[in-house]
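Shown next: start.txt, containing compact mmCIF, C-alpha atoms.
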# COMPACT_ATOMS: atom_id res chain seq x y z
CA MET A 682 -2.86 38.65 1.53
CA VAL A 683 -4.62 35.42 2.41
CA VAL A 684 -2.25 32.48 2.12
CA THR A 685 -3.43 29.55 0.01
CA CYS A 686 -2.56 27.16 2.82
CA GLY A 687 -2.14 24.02 0.77
CA ALA A 688 -5.15 24.50 -1.47
CA GLY A 689 -4.54 24.21 -5.19
CA HIS A 690 -1.77 23.82 -7.70
CA PRO A 691 -0.38 27.07 -9.10
CA ASP A 692 -3.07 29.27 -10.63
CA SER A 693 -3.35 30.12 -14.30
CA HIS A 694 -1.30 33.30 -13.90
CA LYS A 695 1.51 31.20 -12.48
CA LEU A 696 1.17 28.60 -15.22
CA ARG A 697 1.23 31.23 -17.92
CA ALA A 698 4.38 32.69 -16.37
CA VAL A 699 6.00 29.28 -16.62
CA LYS A 700 4.70 28.67 -20.13
CA ALA A 701 6.15 31.98 -21.28
CA ARG A 702 9.60 30.61 -20.51
CA VAL A 703 9.24 27.43 -22.53
CA GLY A 704 8.72 28.81 -26.02
CA ILE A 705 11.84 27.01 -27.18
CA TRP A 706 10.04 23.72 -26.58
CA LEU A 707 7.00 24.46 -28.73
CA CYS A 708 8.28 23.01 -32.00
CA LEU A 709 9.22 19.79 -30.24
CA ALA A 710 5.86 19.76 -28.47
CA ALA A 711 3.98 20.05 -31.77
CA LEU A 712 5.98 17.16 -33.22
CA LEU A 713 5.31 15.03 -30.17
CA ALA A 714 1.61 15.81 -30.29
CA GLY A 715 1.34 14.78 -33.90
CA CYS A 716 3.35 11.56 -33.97
CA GLY A 717 1.74 9.51 -31.22
CA GLY A 718 -1.24 8.13 -33.15
CA GLY A 719 -3.96 6.28 -31.29
CA GLU A 720 -6.74 7.93 -29.31
CA ALA A 721 -4.59 10.94 -28.38
CA GLY A 722 -3.81 11.65 -32.02
CA ARG A 723 -7.48 11.50 -33.04
CA PHE A 724 -9.23 13.14 -30.11
CA GLN A 725 -10.34 16.76 -30.42
CA ALA A 726 -11.84 18.55 -27.43
CA LYS A 727 -15.28 19.99 -28.25
CA VAL A 728 -16.28 22.56 -25.67
CA ARG A 729 -19.98 22.84 -24.89
CA TYR A 730 -21.92 25.16 -22.61
CA ALA A 731 -24.63 24.52 -20.05
CA ASP A 732 -26.84 27.01 -18.22
CA VAL A 733 -26.44 26.42 -14.48
CA GLY A 734 -27.72 28.66 -11.71
CA GLY A 735 -27.93 31.77 -13.84
CA THR A 736 -24.46 31.41 -15.37
CA LYS A 737 -22.91 29.30 -18.13
CA ILE A 738 -20.48 26.48 -17.51
CA ALA A 739 -18.05 25.38 -20.20
CA TRP A 740 -17.34 21.65 -20.37
CA TYR A 741 -16.18 18.84 -22.60
CA GLU A 742 -16.08 15.07 -22.41
CA ARG A 743 -13.63 12.42 -23.42
CA GLY A 744 -13.56 8.64 -23.35
CA GLU A 745 -16.15 5.94 -22.82
CA GLY A 746 -17.37 4.11 -19.74
CA PRO A 747 -18.80 5.17 -16.39
CA PRO A 748 -18.74 8.98 -16.06
CA LEU A 749 -15.90 10.54 -14.07
CA ALA A 750 -16.26 14.24 -13.20
CA MET A 751 -12.89 15.92 -12.70
CA LEU A 752 -12.60 18.89 -10.33
CA THR A 753 -9.36 20.86 -10.50
CA GLY A 754 -7.59 23.27 -8.17
CA THR A 755 -7.25 26.95 -7.39
CA GLY A 756 -7.16 29.34 -10.33
CA SER A 757 -7.04 26.49 -12.84
CA THR A 758 -9.05 25.59 -15.92
CA MET A 759 -10.21 22.30 -17.40
CA ALA A 760 -7.24 22.51 -19.79
CA GLU A 761 -4.63 22.12 -17.06
CA TRP A 762 -4.86 18.39 -16.39
CA ASP A 763 -1.90 16.41 -17.70
CA PRO A 764 -2.94 15.07 -21.13
CA ALA A 765 -1.03 11.86 -20.41
CA LEU A 766 -3.20 11.20 -17.35
CA LEU A 767 -6.36 11.99 -19.32
CA ARG A 768 -5.41 9.46 -21.98
CA LEU A 769 -5.07 6.73 -19.35
CA LEU A 770 -8.31 7.55 -17.54
CA ALA A 771 -10.25 7.89 -20.81
CA GLU A 772 -9.55 4.25 -21.62
CA ARG A 773 -12.17 3.15 -19.06
CA HIS A 774 -14.09 6.30 -18.13
CA ARG A 775 -16.21 8.99 -19.75
CA LEU A 776 -14.37 12.03 -18.43
CA ILE A 777 -16.39 15.16 -17.69
CA LEU A 778 -14.08 18.19 -17.52
CA PHE A 779 -15.34 21.71 -16.88
CA ASP A 780 -14.44 25.22 -15.82
CA TYR A 781 -15.81 26.42 -12.50
CA PRO A 782 -17.94 29.55 -12.68
CA GLY A 783 -15.64 32.56 -12.96
CA VAL A 784 -12.87 30.49 -14.56
CA GLY A 785 -11.72 30.16 -18.15
CA LEU A 786 -14.60 29.88 -20.61
CA SER A 787 -17.37 29.78 -17.99
CA GLY A 788 -19.57 32.67 -16.91
CA PRO A 789 -19.37 34.68 -13.67
CA TRP A 790 -19.12 33.13 -10.21
CA ARG A 791 -21.58 34.72 -7.80
CA GLY A 792 -20.75 32.49 -4.84
CA ARG A 793 -17.97 32.74 -2.32
CA SER A 794 -17.68 29.22 -0.88
CA PHE A 795 -16.74 25.71 -1.89
CA ASP A 796 -20.34 24.72 -1.22
CA SER A 797 -21.38 27.03 -4.08
CA LEU A 798 -18.87 25.35 -6.41
CA ALA A 799 -20.22 21.94 -5.35
CA ASP A 800 -23.72 23.20 -6.15
CA ALA A 801 -22.47 24.30 -9.57
CA ALA A 802 -20.99 20.84 -10.21
CA ALA A 803 -24.28 19.21 -9.23
CA GLY A 804 -26.14 21.68 -11.43
CA LEU A 805 -23.93 20.86 -14.40
CA MET A 806 -24.67 17.17 -13.93
CA GLU A 807 -28.38 17.95 -13.98
CA ALA A 808 -28.04 20.14 -17.06
CA ILE A 809 -26.24 17.44 -19.07
CA HIS A 810 -28.61 14.72 -17.84
CA LEU A 811 -26.04 12.91 -15.75
CA ASP A 812 -27.77 11.29 -12.78
CA ARG A 813 -24.61 10.10 -11.02
CA ALA A 814 -20.88 10.09 -11.61
CA ASP A 815 -17.61 9.08 -10.07
CA VAL A 816 -15.93 12.26 -8.84
CA LEU A 817 -12.21 13.08 -8.76
CA GLY A 818 -11.16 16.21 -6.87
CA TRP A 819 -7.54 17.35 -6.84
CA SER A 820 -6.24 20.01 -4.44
CA MET A 821 -8.94 22.69 -4.06
CA GLY A 822 -11.04 20.43 -6.24
CA GLY A 823 -10.89 17.98 -3.34
CA PHE A 824 -12.63 20.56 -1.14
CA VAL A 825 -15.37 20.87 -3.76
CA ALA A 826 -15.61 17.09 -4.16
CA GLN A 827 -16.00 16.58 -0.40
CA ARG A 828 -18.82 19.14 -0.30
CA LEU A 829 -20.45 17.51 -3.34
CA ALA A 830 -20.34 14.08 -1.67
CA ILE A 831 -21.78 15.50 1.57
CA GLU A 832 -24.41 17.88 0.19
CA HIS A 833 -25.37 15.92 -2.94
CA PRO A 834 -24.57 12.27 -2.10
CA GLU A 835 -27.09 10.99 -4.65
CA LYS A 836 -24.84 12.43 -7.37
CA VAL A 837 -21.62 10.62 -6.40
CA THR A 838 -20.97 6.93 -7.12
CA HIS A 839 -17.30 6.80 -6.14
CA LEU A 840 -15.15 9.55 -4.61
CA ILE A 841 -11.46 10.11 -5.36
CA LEU A 842 -9.69 12.77 -3.28
CA ALA A 843 -6.15 13.63 -4.40
CA GLY A 844 -3.68 16.01 -2.75
CA THR A 845 -6.28 17.78 -0.62
CA ASN A 846 -7.18 18.37 3.03
CA PRO A 847 -10.29 18.01 5.23
CA GLY A 848 -10.42 21.59 6.49
CA GLY A 849 -10.58 22.65 10.11
CA SER A 850 -8.09 22.62 12.93
CA ARG A 851 -6.75 19.13 12.17
CA THR A 852 -5.43 20.15 8.75
CA VAL A 853 -1.65 20.18 8.38
CA LEU A 854 -0.51 22.99 6.11
CA GLY A 855 2.45 23.07 3.78
CA THR A 856 5.70 24.75 4.72
CA LEU A 857 5.87 28.52 5.10
CA ALA A 858 7.99 28.64 1.96
CA THR A 859 5.33 26.75 0.02
CA GLN A 860 2.61 29.02 1.33
CA ALA A 861 4.65 32.04 0.26
CA ILE A 862 4.98 30.62 -3.27
CA ASP A 863 1.24 29.99 -3.39
CA SER A 864 0.64 33.61 -2.40
CA GLU A 865 2.89 34.95 -5.16
CA PRO A 866 0.96 35.82 -8.35
CA HIS A 867 3.97 35.27 -10.59
CA PRO A 868 6.40 32.80 -9.02
CA SER A 869 9.48 31.72 -10.86
CA GLU A 870 9.46 28.62 -13.02
CA ALA A 871 11.78 26.94 -10.53
CA ASP A 872 9.48 27.63 -7.57
CA THR A 873 6.42 26.42 -9.46
CA LEU A 874 8.03 23.17 -10.52
CA ARG A 875 9.37 22.59 -7.00
CA GLU A 876 5.77 22.52 -5.76
CA LEU A 877 4.58 20.15 -8.43
CA TYR A 878 7.55 17.78 -8.70
CA PRO A 879 10.11 16.59 -6.13
CA PRO A 880 13.83 17.33 -6.21
CA GLY A 881 15.49 15.30 -8.91
CA ARG A 882 12.28 15.11 -10.98
CA GLN A 883 12.17 18.63 -12.35
CA GLY A 884 12.74 17.25 -15.84
CA GLU A 885 9.41 15.44 -15.54
CA GLY A 886 7.81 18.78 -14.71
CA ARG A 887 9.23 20.31 -17.87
CA ARG A 888 7.95 17.35 -19.88
CA PHE A 889 4.49 17.97 -18.41
CA LEU A 890 4.63 21.54 -19.69
CA ARG A 891 5.62 20.29 -23.13
CA ARG A 892 2.69 17.85 -23.11
CA LEU A 893 0.34 20.68 -22.17
CA GLU A 894 1.63 22.89 -24.96
CA GLY A 895 1.44 20.12 -27.55
CA ALA A 896 -2.07 19.08 -26.57
CA SER A 897 -3.29 22.66 -26.68
CA ARG A 898 -1.81 23.22 -30.12
CA SER A 899 -3.28 19.99 -31.50
CA GLY A 900 -6.75 20.59 -30.04
CA GLU A 901 -6.56 17.58 -27.71
CA ILE A 902 -7.32 20.00 -24.86
CA PRO A 903 -9.08 23.37 -25.16
CA ASP A 904 -7.03 26.53 -25.57
CA ASP A 905 -8.35 27.66 -22.20
CA PHE A 906 -5.86 29.14 -19.75
CA GLU A 907 -7.36 32.49 -18.73
CA VAL A 908 -8.48 32.98 -15.12
CA PRO A 909 -9.32 36.46 -13.80
CA ALA A 910 -7.20 37.44 -10.82
CA ALA A 911 -10.41 38.36 -8.97
CA THR A 912 -11.67 34.77 -9.25
CA THR A 913 -8.42 33.34 -7.94
CA ARG A 914 -8.51 35.76 -5.01
CA ARG A 915 -12.07 34.72 -4.18
CA GLN A 916 -11.15 31.04 -4.31
CA VAL A 917 -8.21 31.71 -2.00
CA ALA A 918 -10.42 33.73 0.34
CA ALA A 919 -12.83 30.79 0.58
CA GLU A 920 -10.05 28.79 2.23
CA ASP A 921 -10.14 30.94 5.37
CA PRO A 922 -13.56 29.70 6.56
CA TRP A 923 -12.66 26.23 5.28
CA LEU A 924 -9.71 26.10 7.65
CA ARG A 925 -11.40 27.89 10.55
CA SER A 926 -14.44 25.60 10.71
CA ASN A 927 -14.46 21.90 11.60
CA ARG A 928 -17.83 21.39 9.89
CA ASN A 929 -16.48 19.53 6.87
CA PHE A 930 -14.17 17.39 8.97
CA ARG A 931 -17.06 16.35 11.24
CA GLN A 932 -19.22 15.50 8.23
CA LEU A 933 -16.67 13.15 6.65
CA ALA A 934 -18.19 10.32 8.66
CA SER A 935 -21.42 10.72 6.68
CA ILE A 936 -19.77 9.89 3.35
CA ASP A 937 -20.87 6.38 2.47
CA MET A 938 -19.75 5.90 -1.14
CA PRO A 939 -16.49 4.00 -1.89
CA THR A 940 -13.65 6.49 -1.47
CA LEU A 941 -9.99 6.68 -2.43
CA ALA A 942 -7.70 9.17 -0.65
CA ALA A 943 -4.49 9.59 -2.67
CA ALA A 944 -1.39 11.49 -1.58
CA GLY A 945 2.02 12.38 -2.94
CA ALA A 946 4.75 11.10 -0.64
CA GLN A 947 6.72 14.34 -1.07
CA ASP A 948 3.85 16.79 -1.47
CA PRO A 949 4.88 20.13 0.08
CA VAL A 950 1.43 21.67 -0.47
CA THR A 951 -0.83 19.05 1.12
CA PRO A 952 1.28 16.64 3.19
CA PRO A 953 0.25 12.96 3.17
CA VAL A 954 -0.94 13.25 6.77
CA ASP A 955 -3.99 15.17 5.49
CA LEU A 956 -5.02 12.27 3.26
CA ARG A 957 -4.39 9.81 6.08
CA LEU A 958 -6.74 11.89 8.22
CA ILE A 959 -9.39 11.89 5.51
CA ALA A 960 -9.10 8.13 4.98
CA ALA A 961 -9.37 7.50 8.72
CA HIS A 962 -12.64 9.44 8.99
CA ILE A 963 -14.49 8.30 5.86
CA PRO A 964 -15.86 4.81 6.56
CA GLY A 965 -14.11 2.18 4.45
CA ALA A 966 -11.92 4.66 2.56
CA ARG A 967 -8.76 3.41 0.86
CA LEU A 968 -5.46 5.26 1.22
CA HIS A 969 -2.78 5.31 -1.48
CA VAL A 970 0.50 7.20 -1.03
CA LEU A 971 2.32 7.44 -4.34
CA PRO A 972 5.74 8.78 -5.36
CA GLY A 973 5.74 12.46 -6.19
CA ALA A 974 4.96 15.94 -4.92
CA HIS A 975 1.74 17.91 -5.51
CA ALA A 976 1.48 16.67 -9.10
CA PHE A 977 1.99 13.04 -8.01
CA LEU A 978 -1.06 11.98 -10.03
CA PHE A 979 0.79 13.20 -13.14
CA GLN A 980 4.19 11.80 -12.20
CA SER A 981 2.79 8.44 -10.98
CA ARG A 982 -0.10 8.51 -13.44
CA ARG A 983 -0.17 4.81 -14.28
CA ALA A 984 -0.34 3.79 -10.62
CA PHE A 985 -2.90 6.50 -9.93
CA ALA A 986 -5.08 5.46 -12.88
CA ARG A 987 -4.91 1.83 -11.71
CA ALA A 988 -6.03 2.87 -8.23
CA VAL A 989 -8.97 4.78 -9.71
CA ASP A 990 -9.90 1.81 -11.93
CA GLU A 991 -9.70 -0.60 -9.00
CA LEU A 992 -11.94 1.58 -6.83
CA THR A 993 -14.58 2.07 -9.49
CA ALA A 994 -14.55 -1.60 -10.54
CA LEU A 995 -14.95 -2.84 -6.95
CA SER A 996 -18.63 -2.03 -6.44
CA ALA A 997 -19.43 -2.64 -10.12
CA GLN A 998 -18.36 -6.26 -9.64
CA GLY A 999 -20.31 -6.44 -6.41

Would you give me this structure, written as structure tokens?
Amino acid sequence: MVVTCGAGHPDSHKLRAVKARVGIWLCLAALLAGCGGGEAGRFQAKVRYADVGGTKIAWYERGEGPPLAMLTGTGSTMAEWDPALLRLLAERHRLILFDYPGVGLSGPWRGRSFDSLADAAAGLMEAIHLDRADVLGWSMGGFVAQRLAIEHPEKVTHLILAGTNPGGSRTVLGTLATQAIDSEPHPSEADTLRELYPPGRQGEGRRFLRRLEGASRSGEIPDDFEVPAATTRRQVAAEDPWLRSNRNFRQLASIDMPTLAAAGAQDPVTPPVDLRLIAAHIPGARLHVLPGAHAFLFQSRRAFARAVDELTALSAQG
């Protein structure tokens, strides 16, 4: 089996395995979802569909402001972002969330590379009449975001790369134990949360799962957690050429839009050194290392959202 080698957060099969163990929390989650008021209490995700490259892409939007396209990780859907992070980002951004081809509510994926997923993202932007957007790529989504910025630079205003790597021989992989967990279709809840949250913060991981359940039940996020195993395997297989070739790493120097490289200080999947490497090779890139593991942008969401806001406001003021 091909090892995921620090690509994405646990796939939908893994998430569903975890969610199956938290049924006891669902009543509490529903109460929490309904008592918050404000934008979160009112917002209902309305999924739309766009024809892109001979397939359909499911997407929804949330918030107001400059558009921010959000690219998620391996085997994951647009429903698997932390709702608490979405609420913060939606205060100043029009979030564009979507399922990659072959994932969730979208149609088939006929490609086999991250370039093809970047093309799909660019095609979605065309289909919904979005000339340019800020782009946030987390984990495998960071691979797609890098390819989007390199192959379709006219589409990207600001680039945010979170918990990802540059590909090629300079990439530092996670531990063998982490790689083994990523290769396991149905890891235990404990193993999954150990990847996402550091020791001593597992309670925060369980609260994330409760937020996800509550938001799904209330309609704040789509009920969209199905990913075919074949799609996940193809995404994982795409990592082999990504890691074998230095093409992407060499092309980082061509990225000329303002860029933020963000890392979790205790990330066992994509160590901070990978984001340091990215920041060193993209001209003018900012580096932020925040507390947390692979889900540091959930755990440290306020600091992460501030960093995103600061990056996107910088050139707007200029």

Practice prompt. Would you kindly identify which residues have an atom no farther than 12 Å from (-13.5, 4.0, 4.5), using all atoms listed in the file and the file's own coordinates, and write them out as a PyMOL selection string?
Written response: chain A and resi 839-841+933-942+956-968+992

- Item | Proximity to Leu874 (chain A) - best of A:Thr845, A:Gln725, A:Thr859, A:Gln932, all atoms listed in the file |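 Using all atoms listed in the file, the shortest distance to Leu874 (chain A) belongs to A:Thr859.
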
| message | Need to verify the contact set: region 902-918 of chain A, 6 Å, all atoms listed in the file, exclusion of same-chain residues closer than 5 positions in sequence. Can you return it as a list in words? | response |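 Residues near the query, excluding close chain neighbours: Thr685, Ser693, Ala726, Gly756, Ala760, Gly783, Val784, Gly785, Ala896 and Ser897 of chain A.
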
*Hey, what's within 7 Å of region 765-775 of chain A if we count only C-alpha atoms and toss same-chain stuff fewer than 6 positions away? As a ChimeraX atom specification, please?*
/A:721,742-749,979,982,986

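Proximity of A:Val837, A:Val825, A:Ala994, A:Leu817 to Leu978 (chain A), computed with all atoms listed in the file, is greatest for A:Leu817.
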
Considering all atoms listed in the file, state which residue in the set A:Asp872, A:Asp948, A:Glu761, A:Glu894 is at the smallest distance from Leu854 (chain A).
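Nearest candidate to Leu854 (chain A) out of A:Asp872, A:Asp948, A:Glu761, A:Glu894: A:Asp948.
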
Item to check | Nearest to His975 (chain A) by atom-to-atom distance, counting only C-alpha atoms, from A:Pro847, A:Pro764, A:Gly886, A:Pro834 | outcome: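 Of the candidates, the smallest distance to His975 (chain A) is held by A:Gly886.
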
Using all atoms listed in the file, can you list as an mmCIF file with C-alpha atoms, keeping the file's coordinate frame the residues within 12 Å of (-28.8, 21.6, -12.7)?
data_model
loop_
_atom_site.group_PDB
_atom_site.id
_atom_site.type_symbol
_atom_site.label_atom_id
_atom_site.label_comp_id
_atom_site.auth_asym_id
_atom_site.auth_seq_id
_atom_site.Cartn_x
_atom_site.Cartn_y
_atom_site.Cartn_z
ATOM 1 C CA ALA A 731 -24.630 24.520 -20.050
ATOM 2 C CA ASP A 732 -26.840 27.010 -18.220
ATOM 3 C CA VAL A 733 -26.440 26.420 -14.480
ATOM 4 C CA GLY A 734 -27.720 28.660 -11.710
ATOM 5 C CA GLY A 735 -27.930 31.770 -13.840
ATOM 6 C CA THR A 736 -24.460 31.410 -15.370
ATOM 7 C CA LYS A 737 -22.910 29.300 -18.130
ATOM 8 C CA ILE A 738 -20.480 26.480 -17.510
ATOM 9 C CA ALA A 799 -20.220 21.940 -5.350
ATOM 10 C CA ASP A 800 -23.720 23.200 -6.150
ATOM 11 C CA ALA A 801 -22.470 24.300 -9.570
ATOM 12 C CA ALA A 802 -20.990 20.840 -10.210
ATOM 13 C CA ALA A 803 -24.280 19.210 -9.230
ATOM 14 C CA GLY A 804 -26.140 21.680 -11.430
ATOM 15 C CA LEU A 805 -23.930 20.860 -14.400
ATOM 16 C CA MET A 806 -24.670 17.170 -13.930
ATOM 17 C CA GLU A 807 -28.380 17.950 -13.980
ATOM 18 C CA ALA A 808 -28.040 20.140 -17.060
ATOM 19 C CA ILE A 809 -26.240 17.440 -19.070
ATOM 20 C CA HIS A 810 -28.610 14.720 -17.840
ATOM 21 C CA LEU A 811 -26.040 12.910 -15.750
ATOM 22 C CA ASP A 812 -27.770 11.290 -12.780
ATOM 23 C CA HIS A 833 -25.370 15.920 -2.940
ATOM 24 C CA LYS A 836 -24.840 12.430 -7.370
#

What's around Leu877 (chain A) at 12 Å? Count only C-alpha atoms, leave out sequence neighbours fewer than 4 positions away in its own chain, and write the answer as a ChimeraX atom specification. /A:689-691,696,763,820,844,859,862-863,870-873,881-887,889-890,945-951,972-980

In terms of all atoms listed in the file, the residue from A:Gly848, A:Pro879, A:Gly792, A:Gly754 at minimal distance from Phe779 (chain A) is A:Gly754

re CA of Asn929 (chain A) and CA of Ser757 (chain A): distance 22.9 Å

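The space separating CA of Glu920 (chain A) from CA of Ala826 (chain A) comes to 14.4 Å.
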
CA of Pro789 (chain A) sits from CA of Val728 (chain A) at a separation of 17.3 Å

Kindly provide, as lines of an AutoDock Vina configuration file, the centre and edge lengths (Å, one decimal) of an axis-aligned box around all atoms of region 829-843 of chain A given in the file, with 4 Å on each side.
center_x = -16.6
center_y = 12.3
center_z = -2.9
size_x = 28.9
size_y = 19.1
size_z = 16.9

Residue with the minimum atom-to-atom distance to Glu835 (chain A), picked from A:Val970, A:Tyr878, A:Asp815, A:Gly849 with all atoms listed in the file counted, is A:Asp815
